[in-house]
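Colleague: Contents of work.cif (mmCIF, C-alpha atoms) are given next:
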data_coords
#
loop_
_atom_site.label_atom_id
_atom_site.label_comp_id
_atom_site.auth_asym_id
_atom_site.auth_seq_id
_atom_site.Cartn_x
_atom_site.Cartn_y
_atom_site.Cartn_z
CA MET A 329 112.02 164.31 -57.12
CA THR A 330 109.62 165.24 -59.86
CA SER A 331 106.16 164.03 -60.73
CA ARG A 332 107.67 162.33 -63.79
CA ASP A 333 109.17 159.74 -61.48
CA GLU A 334 105.86 158.87 -59.98
CA GLN A 335 102.52 157.77 -61.18
CA LYS A 336 99.27 158.04 -59.45
CA GLY A 337 98.40 154.81 -57.70
CA SER A 338 95.37 153.87 -55.71
CA ILE A 339 93.95 156.49 -53.43
CA ARG A 340 92.43 154.57 -50.58
CA ASP A 341 91.01 157.62 -48.94
CA GLY A 342 90.18 161.02 -50.32
CA ASP A 343 92.28 162.55 -47.55
CA TYR A 344 95.30 160.34 -48.09
CA MET A 345 97.53 160.33 -51.16
CA VAL A 346 99.47 157.26 -52.29
CA LEU A 347 101.93 157.67 -55.17
CA SER A 348 103.07 154.19 -56.22
CA PRO A 349 106.48 153.66 -57.81
CA LYS A 350 106.53 153.63 -61.59
CA ALA A 351 109.65 151.52 -61.96
CA LEU A 352 109.39 147.73 -61.83
CA PRO A 353 109.56 145.53 -59.87
CA MET A 354 106.38 145.94 -57.95
CA PRO A 355 106.97 146.42 -54.24
CA THR A 356 107.32 143.20 -52.27
CA ALA A 357 104.15 142.14 -50.43
CA TYR A 358 105.68 141.82 -46.96
CA ILE A 359 102.44 141.45 -45.00
CA GLU A 360 101.42 138.43 -47.06
CA GLN A 361 104.94 136.99 -47.06
CA THR A 362 105.26 137.29 -43.29
CA ARG A 363 101.81 135.82 -42.70
CA ARG A 364 102.70 132.76 -44.81
CA GLN A 365 106.09 132.34 -43.16
CA TYR A 366 104.87 132.63 -39.58
CA ASP A 367 102.06 130.25 -40.37
CA SER A 368 104.47 127.59 -41.63
CA LEU A 369 106.71 128.10 -38.57
CA GLY A 370 103.79 127.81 -36.17
CA TYR A 371 104.38 131.39 -34.90
CA PRO A 372 101.33 133.42 -33.93
CA PRO A 373 100.44 135.84 -36.76
CA TYR A 374 102.13 139.24 -36.65
CA GLN A 375 99.49 141.95 -36.73
CA TRP A 376 100.73 145.02 -38.58
CA PHE A 377 99.20 148.28 -37.53
CA GLU A 378 96.29 149.22 -39.79
CA ALA A 379 95.06 152.79 -39.63
CA GLU A 380 91.36 153.39 -39.84
CA ASP A 381 91.52 156.94 -41.06
CA ALA A 382 93.88 159.47 -42.59
CA PRO A 383 96.21 161.19 -40.10
CA VAL A 384 96.46 164.87 -39.33
CA LEU A 385 99.32 166.76 -40.91
CA THR A 386 101.12 169.22 -38.62
CA LYS A 387 102.55 172.25 -40.39
CA MET A 388 106.27 172.91 -40.00
CA SER A 389 107.00 175.84 -37.73
CA LYS A 390 110.24 176.71 -39.56
CA PRO A 391 112.19 175.52 -42.60
CA LEU A 392 114.33 172.37 -42.46
CA SER A 393 117.48 174.52 -42.50
CA GLU A 394 116.45 176.09 -39.17
CA SER A 395 114.92 173.01 -37.58
CA LYS A 396 116.22 170.67 -34.90
CA LEU A 397 115.87 167.15 -36.27
CA GLY A 398 115.50 163.92 -34.30
CA LEU A 399 115.64 160.32 -35.47
CA ILE A 400 113.84 157.15 -34.39
CA SER A 401 115.04 153.82 -35.78
CA THR A 402 113.20 150.55 -35.22
CA ALA A 403 116.15 148.49 -36.50
CA GLY A 404 117.19 147.38 -33.01
CA THR A 405 120.12 149.80 -32.98
CA TYR A 406 122.34 149.99 -29.90
CA VAL A 407 125.82 151.29 -29.11
CA ALA A 408 128.64 148.98 -28.02
CA GLY A 409 128.53 149.14 -24.22
CA GLN A 410 124.72 149.27 -24.07
CA GLN A 411 122.53 146.22 -23.50
CA ALA A 412 121.34 144.52 -26.69
CA TYR A 413 117.64 143.91 -27.35
CA TYR A 414 116.01 140.54 -26.81
CA TYR A 415 113.59 138.99 -29.29
CA LYS A 416 110.44 138.50 -27.26
CA ASP A 417 108.49 141.77 -27.37
CA ASP A 418 111.36 143.97 -26.18
CA ALA A 419 109.73 147.41 -25.74
CA SER A 420 112.81 149.21 -24.40
CA ILE A 421 114.56 152.12 -26.09
CA ARG A 422 118.20 153.17 -26.51
CA GLU A 423 119.53 156.69 -26.75
CA ILE A 424 122.25 156.86 -29.39
CA PRO A 425 124.37 160.03 -29.12
CA SER A 426 124.25 161.65 -32.56
CA ASN A 427 128.06 161.93 -32.51
CA THR A 428 128.52 158.16 -32.10
CA ASP A 429 131.21 156.63 -34.30
CA MET A 430 129.75 154.35 -36.99
CA SER A 431 132.06 151.55 -35.84
CA ASP A 432 130.32 151.51 -32.44
CA LEU A 433 126.80 150.96 -33.83
CA ARG A 434 125.22 147.52 -33.43
CA PHE A 435 121.89 145.89 -34.27
CA ALA A 436 119.71 143.20 -32.67
CA HIS A 437 116.27 142.56 -34.18
CA ILE A 438 114.03 139.52 -34.68
CA MET A 439 114.40 140.06 -38.45
CA GLU A 440 118.10 139.31 -38.12
CA ASN A 441 118.35 137.83 -41.61
CA TYR A 442 117.67 141.36 -42.91
CA LEU A 443 120.60 142.82 -40.93
CA VAL A 444 123.49 141.06 -42.65
CA GLU A 445 124.66 144.25 -44.42
CA ALA A 446 123.74 146.61 -41.57
CA TRP A 447 126.10 144.66 -39.31
CA GLN A 448 128.88 145.61 -41.74
CA ASP A 449 127.66 149.05 -42.80
CA PRO A 450 125.20 150.63 -40.31
CA GLY A 451 124.59 153.43 -42.85
CA VAL A 452 122.09 151.22 -44.74
CA VAL A 453 119.47 151.58 -42.00
CA PHE A 454 120.79 154.10 -39.44
CA PRO A 455 121.75 157.27 -41.35
CA ILE A 456 123.94 158.85 -38.68
CA GLU A 457 126.75 159.91 -41.04
CA ALA A 458 124.41 161.25 -43.71
CA LEU A 459 122.56 163.30 -41.08
CA ARG A 460 125.80 164.68 -39.64
CA LYS A 461 126.83 165.74 -43.14
CA LEU A 462 123.43 167.38 -43.74
CA ASP A 463 123.87 169.21 -40.45
CA GLU A 464 127.38 170.36 -41.43
CA ASP A 465 126.32 171.63 -44.87
CA GLY A 466 123.38 173.56 -43.41
CA THR A 467 120.57 171.50 -44.99
CA VAL A 468 119.38 170.76 -41.45
CA GLY A 469 119.48 173.41 -38.73
CA GLU A 470 120.56 171.19 -35.86
CA LEU A 471 120.58 167.52 -34.84
CA ALA A 472 119.14 166.05 -31.67
CA GLU A 473 121.83 165.30 -29.10
CA GLU A 474 120.55 161.75 -28.93
CA PHE A 475 118.94 159.71 -31.66
CA LEU A 476 116.47 157.07 -30.49
CA ALA A 477 116.17 153.40 -31.28
CA CYS A 478 114.03 150.42 -30.43
CA MET A 479 113.36 146.90 -31.70
CA GLY A 480 110.42 147.08 -34.08
CA GLY A 481 109.22 143.48 -33.90
CA ILE A 482 106.81 143.86 -31.00
CA TYR A 483 103.68 141.70 -31.21
CA SER A 484 101.57 143.61 -28.72
CA GLN A 485 100.20 146.96 -29.92
CA ARG A 486 99.14 147.57 -26.33
CA ARG A 487 102.82 147.39 -25.30
CA VAL A 488 103.77 149.73 -28.14
CA ASN A 489 101.20 152.24 -26.92
CA GLU A 490 101.66 151.82 -23.17
CA GLU A 491 105.38 151.08 -22.87
CA LEU A 492 107.32 152.00 -26.01
CA ILE A 493 105.68 155.27 -27.05
CA PRO A 494 105.78 156.90 -23.56
CA GLN A 495 109.54 156.25 -23.35
CA LEU A 496 110.11 157.68 -26.82
CA GLU A 497 107.92 160.63 -25.98
CA ALA A 498 109.82 161.46 -22.80
CA ALA A 499 113.11 161.39 -24.73
CA VAL A 500 111.69 163.44 -27.63
CA ASP A 501 110.19 166.05 -25.26
CA ARG A 502 113.53 166.53 -23.49
CA GLN A 503 115.20 167.40 -26.77
CA GLN A 504 112.68 170.00 -27.96
CA LEU A 505 112.66 168.83 -31.54
CA ASP A 506 111.12 170.62 -34.51
CA LEU A 507 111.08 167.60 -36.84
CA LEU A 508 111.27 163.84 -36.46
CA LEU A 509 112.61 161.38 -39.04
CA LEU A 510 111.53 157.75 -38.60
CA VAL A 511 113.32 154.86 -40.27
CA PRO A 512 111.77 151.40 -39.86
CA LEU A 513 113.65 148.19 -40.68
CA MET B 376 106.38 152.78 -37.17
CA SER B 377 103.26 154.38 -38.65
CA LEU B 378 101.66 154.20 -35.21
CA ILE B 379 104.61 156.11 -33.71
CA ALA B 380 104.61 158.68 -36.54
CA ARG B 381 100.88 159.32 -36.16
CA HIS B 382 101.29 159.70 -32.41
CA PHE B 383 103.97 162.41 -32.62
CA GLU B 384 102.34 164.19 -35.55
CA GLY B 385 99.10 164.31 -33.57
CA LYS B 386 101.00 165.97 -30.71
CA GLY B 387 102.20 168.71 -33.05
CA LEU B 388 105.62 167.40 -34.12
CA PRO B 389 105.96 167.00 -37.92
CA THR B 390 107.24 163.52 -38.84
CA LEU B 391 108.52 161.78 -41.95
CA VAL B 392 108.92 158.02 -42.40
CA LEU B 393 111.59 156.74 -44.80
CA GLY B 394 110.62 153.12 -45.46
CA SER B 395 110.86 150.23 -47.91
CA ALA B 396 107.77 148.12 -47.16
CA PHE B 397 105.08 149.65 -49.36
CA ASP B 398 102.16 147.53 -48.19
CA ILE B 399 102.99 148.12 -44.52
CA LEU B 400 103.15 151.88 -45.14
CA VAL B 401 99.82 151.85 -47.01
CA ALA B 402 98.20 149.92 -44.14
CA GLY B 403 99.57 152.31 -41.49
CA MET B 404 98.99 155.61 -43.34
CA PRO B 405 101.75 157.67 -41.71
CA PRO B 406 101.42 161.46 -42.10
CA ARG B 407 104.41 161.79 -44.47
CA ALA B 408 106.23 158.82 -45.97
CA MET B 409 108.94 158.50 -48.58
CA PHE B 410 108.94 155.02 -50.06
CA LEU B 411 112.29 153.63 -51.24
CA ASN B 412 111.72 150.54 -53.39
CA TYR B 413 114.71 148.59 -52.04
CA PRO B 414 114.76 145.28 -50.17
CA LEU B 415 114.24 145.57 -46.41
CA GLY B 416 117.46 146.37 -44.62
CA PHE B 417 118.51 149.15 -47.04
CA GLU B 418 116.04 151.86 -46.07
CA THR B 419 118.77 154.51 -46.20
CA GLY B 420 120.67 153.30 -49.25
CA ARG B 421 123.00 150.75 -50.79
CA PRO B 422 125.74 149.25 -48.61
CA PHE B 423 129.27 150.68 -48.72
CA ASP B 424 128.09 153.62 -50.80
CA LYS B 425 128.21 156.70 -48.58
CA SER B 426 127.48 159.18 -51.34
CA HIS B 427 124.34 157.29 -52.37
CA GLN B 428 123.21 156.97 -48.73
CA PHE B 429 123.70 160.73 -48.38
CA GLU B 430 121.67 161.39 -51.54
CA VAL B 431 118.80 159.15 -50.35
CA VAL B 432 118.60 160.79 -46.92
CA GLN B 433 118.90 164.28 -48.40
CA ALA B 434 116.08 163.58 -50.89
CA ALA B 435 113.94 162.05 -48.15
CA LEU B 436 114.35 165.06 -45.84
CA ALA B 437 113.29 167.37 -48.68
CA GLY B 438 109.96 165.58 -48.31
CA PHE B 439 109.33 167.50 -45.07
CA GLU B 440 108.68 170.62 -47.15
CA ASP B 441 106.84 168.82 -49.93
CA PHE B 442 103.57 167.48 -48.46
CA GLU B 443 100.39 169.51 -48.62
CA ARG B 444 98.29 166.63 -47.43
CA PRO B 445 99.19 163.34 -45.73
CA GLY B 446 100.41 160.50 -47.89
CA ILE B 447 103.16 158.31 -49.33
CA LYS B 448 105.50 159.41 -52.12
CA SER B 449 107.80 157.08 -54.04
CA MET B 450 111.48 157.94 -54.40
CA PRO B 451 113.03 157.71 -57.88
CA TYR B 452 115.69 155.13 -57.04
CA GLU B 453 115.86 151.64 -58.45
CA TRP B 454 117.48 148.62 -56.78
CA LEU B 455 119.83 147.27 -59.42
CA ALA B 456 121.41 144.39 -57.51
CA GLY B 457 118.43 142.09 -58.14
CA TRP B 458 115.75 140.80 -55.79
CA GLU B 459 116.97 137.22 -55.38
CA MET B 460 118.37 138.34 -52.00
CA THR B 461 114.87 139.11 -50.74
CA ARG B 462 113.54 135.73 -51.85
CA GLU B 463 116.53 133.96 -50.31
CA ARG B 464 116.01 135.77 -47.02
CA ALA B 465 112.35 134.81 -47.02
CA ARG B 466 113.41 131.18 -47.57
CA LEU B 467 115.94 131.39 -44.73
CA GLY B 468 113.14 132.74 -42.57
CA ASP B 469 111.05 129.70 -43.50
CA LYS B 470 113.75 127.42 -42.13
CA ASP B 471 113.82 129.52 -39.00
CA SER B 472 117.56 129.82 -38.71
CA ARG B 473 116.94 132.74 -36.40
CA SER B 474 117.68 132.95 -32.69
CA PRO B 475 114.87 131.97 -30.32
CA ARG B 476 112.33 134.53 -29.25
CA ASP B 477 113.14 134.73 -25.58
CA MET B 478 114.41 137.39 -23.19
CA THR B 479 118.12 136.82 -23.72
CA PRO B 480 119.85 139.93 -25.11
CA ARG B 481 121.12 139.11 -28.62
CA TYR B 482 124.49 140.81 -28.91
CA GLN B 483 125.84 141.38 -32.40
CA LYS B 484 129.34 140.72 -31.09
CA GLU B 485 130.35 138.70 -28.07
CA GLU B 486 132.61 141.54 -26.91
CA ASP B 487 129.48 143.76 -26.65
CA ARG B 488 128.22 141.52 -23.84
CA ARG B 489 131.47 141.95 -21.93
CA LEU B 490 131.42 145.72 -22.48
CA PHE B 491 127.84 146.01 -21.19
CA GLU B 492 128.53 143.82 -18.16
CA GLU B 493 131.63 145.86 -17.32
CA ASN B 494 129.59 149.08 -17.57
CA LEU B 495 126.96 147.57 -15.29
CA LYS B 496 129.59 146.59 -12.73
CA GLY B 497 131.14 150.05 -12.88
CA ASN B 498 127.75 151.67 -12.25
CA ASN B 499 126.95 149.36 -9.37
CA ASN B 500 130.25 150.27 -7.70
CA GLY B 501 129.29 153.89 -7.95
CA THR B 502 132.20 154.69 -10.24
#
Show me this structure written as structure tokens.
Modeller:
Amino acid sequence: MTSRDEQKGSIRDGDYMVLSPKALPMPTAYIEQTRRQYDSLGYPPYQWFEAEDAPVLTKMSKPLSESKLGLISTAGTYVAGQQAYYYKDDASIREIPSNTDMSDLRFAHIMENYLVEAWQDPGVVFPIEALRKLDEDGTVGELAEEFLACMGGIYSQRRVNEELIPQLEAAVDRQQLDLLLLVPL
Amino acid sequence: MSLIARHFEGKGLPTLVLGSAFDILVAGMPPRAMFLNYPLGFETGRPFDKSHQFEVVQAALAGFEDFERPGIKSMPYEWLAGWEMTRERARLGDKDSRSPRDMTPRYQKEEDRRLFEENLKGNNNGT
């Protein structure tokens, strides 16, 4: 990627850089769209996380080609044989062995109308084959034994903090990762 | 997802989010984010196109070594299949064709339920 492909967008904080896409169309306004939709359905509003300040940036301890990489997906990924997620604030996690066959990957998420293609080709949201290839060709040093997944549509940020994150953290700590890739749905 | 990314980054583990909802990323300010301007549900590339999915993930991972300060960078890919799909999915959402929000596991395939219940039985029998 080069700077030619980007243009400087709004910088909402001196410590945080936002490079907006140059190519049309403008990104979809999902927060507004969801607010409108839930309102018309009589659902309680979904409160997206809003950060108050810029985050810290941790320096890499070694290059990507020597690093052990983990993955967290919030697409509601599970493996055939595991229990599926339910739609009311499910804060559980699944460990997905990184050698799982693509044909055994499944998805259950409250945004199920966005999963039509993922149900046929899991590679659109859960990049297990791409990561295995990047491991094989040496781009990545090593893959986590287990990738992690959860169902991202949790209303309660308290439950995210008190239930979901501690489970993810225990699993991440066990694997002694150097880098973590996160792919939301 | 930004909340999770900020948590792990704060503990000393470098993170990178690959996402397609620009406004949600801007609100959450994850430490490193690569924005792919595709409809939701294609965060790691077009369907049935393994070489493109590989290219997207490869380019995203290069982002790990490309941030000097926290922020969001846009990836140079364009969604060529049109955006009617996104509008249609929003409309479907309006009609609420989705399954109820209760505590029933929502299996993608009915056979998955059988497989899980068999596993559960096997574990309970100590086998």
Colleague: Starting from the shown file, work through the PyMOL selection byres ((chain B) within 7 of (chain A)) and note down what comes out as an mmCIF file with C-alpha atoms, in the coordinates of the input.
Modeller:
data_model
loop_
_atom_site.group_PDB
_atom_site.id
_atom_site.type_symbol
_atom_site.label_atom_id
_atom_site.label_comp_id
_atom_site.auth_asym_id
_atom_site.auth_seq_id
_atom_site.Cartn_x
_atom_site.Cartn_y
_atom_site.Cartn_z
ATOM 1 C CA MET B 376 106.380 152.780 -37.170
ATOM 2 C CA LEU B 378 101.660 154.200 -35.210
ATOM 3 C CA ILE B 379 104.610 156.110 -33.710
ATOM 4 C CA ARG B 381 100.880 159.320 -36.160
ATOM 5 C CA GLU B 384 102.340 164.190 -35.550
ATOM 6 C CA GLY B 385 99.100 164.310 -33.570
ATOM 7 C CA GLY B 387 102.200 168.710 -33.050
ATOM 8 C CA LEU B 388 105.620 167.400 -34.120
ATOM 9 C CA PRO B 389 105.960 167.000 -37.920
ATOM 10 C CA THR B 390 107.240 163.520 -38.840
ATOM 11 C CA LEU B 391 108.520 161.780 -41.950
ATOM 12 C CA VAL B 392 108.920 158.020 -42.400
ATOM 13 C CA LEU B 393 111.590 156.740 -44.800
ATOM 14 C CA GLY B 394 110.620 153.120 -45.460
ATOM 15 C CA ALA B 396 107.770 148.120 -47.160
ATOM 16 C CA PHE B 397 105.080 149.650 -49.360
ATOM 17 C CA ASP B 398 102.160 147.530 -48.190
ATOM 18 C CA ILE B 399 102.990 148.120 -44.520
ATOM 19 C CA ALA B 402 98.200 149.920 -44.140
ATOM 20 C CA GLY B 403 99.570 152.310 -41.490
ATOM 21 C CA MET B 404 98.990 155.610 -43.340
ATOM 22 C CA PRO B 405 101.750 157.670 -41.710
ATOM 23 C CA PRO B 406 101.420 161.460 -42.100
ATOM 24 C CA ASN B 412 111.720 150.540 -53.390
ATOM 25 C CA LEU B 415 114.240 145.570 -46.410
ATOM 26 C CA GLY B 416 117.460 146.370 -44.620
ATOM 27 C CA PHE B 417 118.510 149.150 -47.040
ATOM 28 C CA GLU B 418 116.040 151.860 -46.070
ATOM 29 C CA THR B 419 118.770 154.510 -46.200
ATOM 30 C CA GLY B 420 120.670 153.300 -49.250
ATOM 31 C CA ARG B 421 123.000 150.750 -50.790
ATOM 32 C CA PRO B 422 125.740 149.250 -48.610
ATOM 33 C CA PHE B 423 129.270 150.680 -48.720
ATOM 34 C CA GLN B 428 123.210 156.970 -48.730
ATOM 35 C CA PHE B 429 123.700 160.730 -48.380
ATOM 36 C CA VAL B 432 118.600 160.790 -46.920
ATOM 37 C CA ARG B 444 98.290 166.630 -47.430
ATOM 38 C CA PRO B 445 99.190 163.340 -45.730
ATOM 39 C CA GLY B 446 100.410 160.500 -47.890
ATOM 40 C CA ILE B 447 103.160 158.310 -49.330
ATOM 41 C CA LYS B 448 105.500 159.410 -52.120
ATOM 42 C CA SER B 449 107.800 157.080 -54.040
ATOM 43 C CA MET B 450 111.480 157.940 -54.400
ATOM 44 C CA PRO B 451 113.030 157.710 -57.880
ATOM 45 C CA ARG B 464 116.010 135.770 -47.020
ATOM 46 C CA ASP B 469 111.050 129.700 -43.500
ATOM 47 C CA ARG B 473 116.940 132.740 -36.400
ATOM 48 C CA ARG B 476 112.330 134.530 -29.250
ATOM 49 C CA ASP B 477 113.140 134.730 -25.580
ATOM 50 C CA MET B 478 114.410 137.390 -23.190
ATOM 51 C CA THR B 479 118.120 136.820 -23.720
ATOM 52 C CA PRO B 480 119.850 139.930 -25.110
ATOM 53 C CA ARG B 481 121.120 139.110 -28.620
ATOM 54 C CA TYR B 482 124.490 140.810 -28.910
ATOM 55 C CA GLN B 483 125.840 141.380 -32.400
ATOM 56 C CA ASP B 487 129.480 143.760 -26.650
ATOM 57 C CA LEU B 490 131.420 145.720 -22.480
ATOM 58 C CA PHE B 491 127.840 146.010 -21.190
ATOM 59 C CA ASN B 494 129.590 149.080 -17.570
#
Colleague: Quick one, how far is atom CA of A:Glu491 from atom CA of A:Ile424?
Modeller: 19.0 Å
Colleague: Between atom CA of B:Ala435 and atom CA of B:Met409, what is the distance, to one decimal in Å?
Modeller: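 So the two atoms, atom CA of B:Ala435 and atom CA of B:Met409, lie 6.1 Å apart.
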Colleague: Grab the atom CA of A:Met479 to atom CA of A:Arg422 distance for me, in Å with one decimal place.
Modeller: 9.5 Å
Colleague: Using all atoms listed in the file, which of B:Gly497, B:Leu400, B:Arg407, B:Pro414 sits nearest B:Glu453?
Modeller: B:Pro414
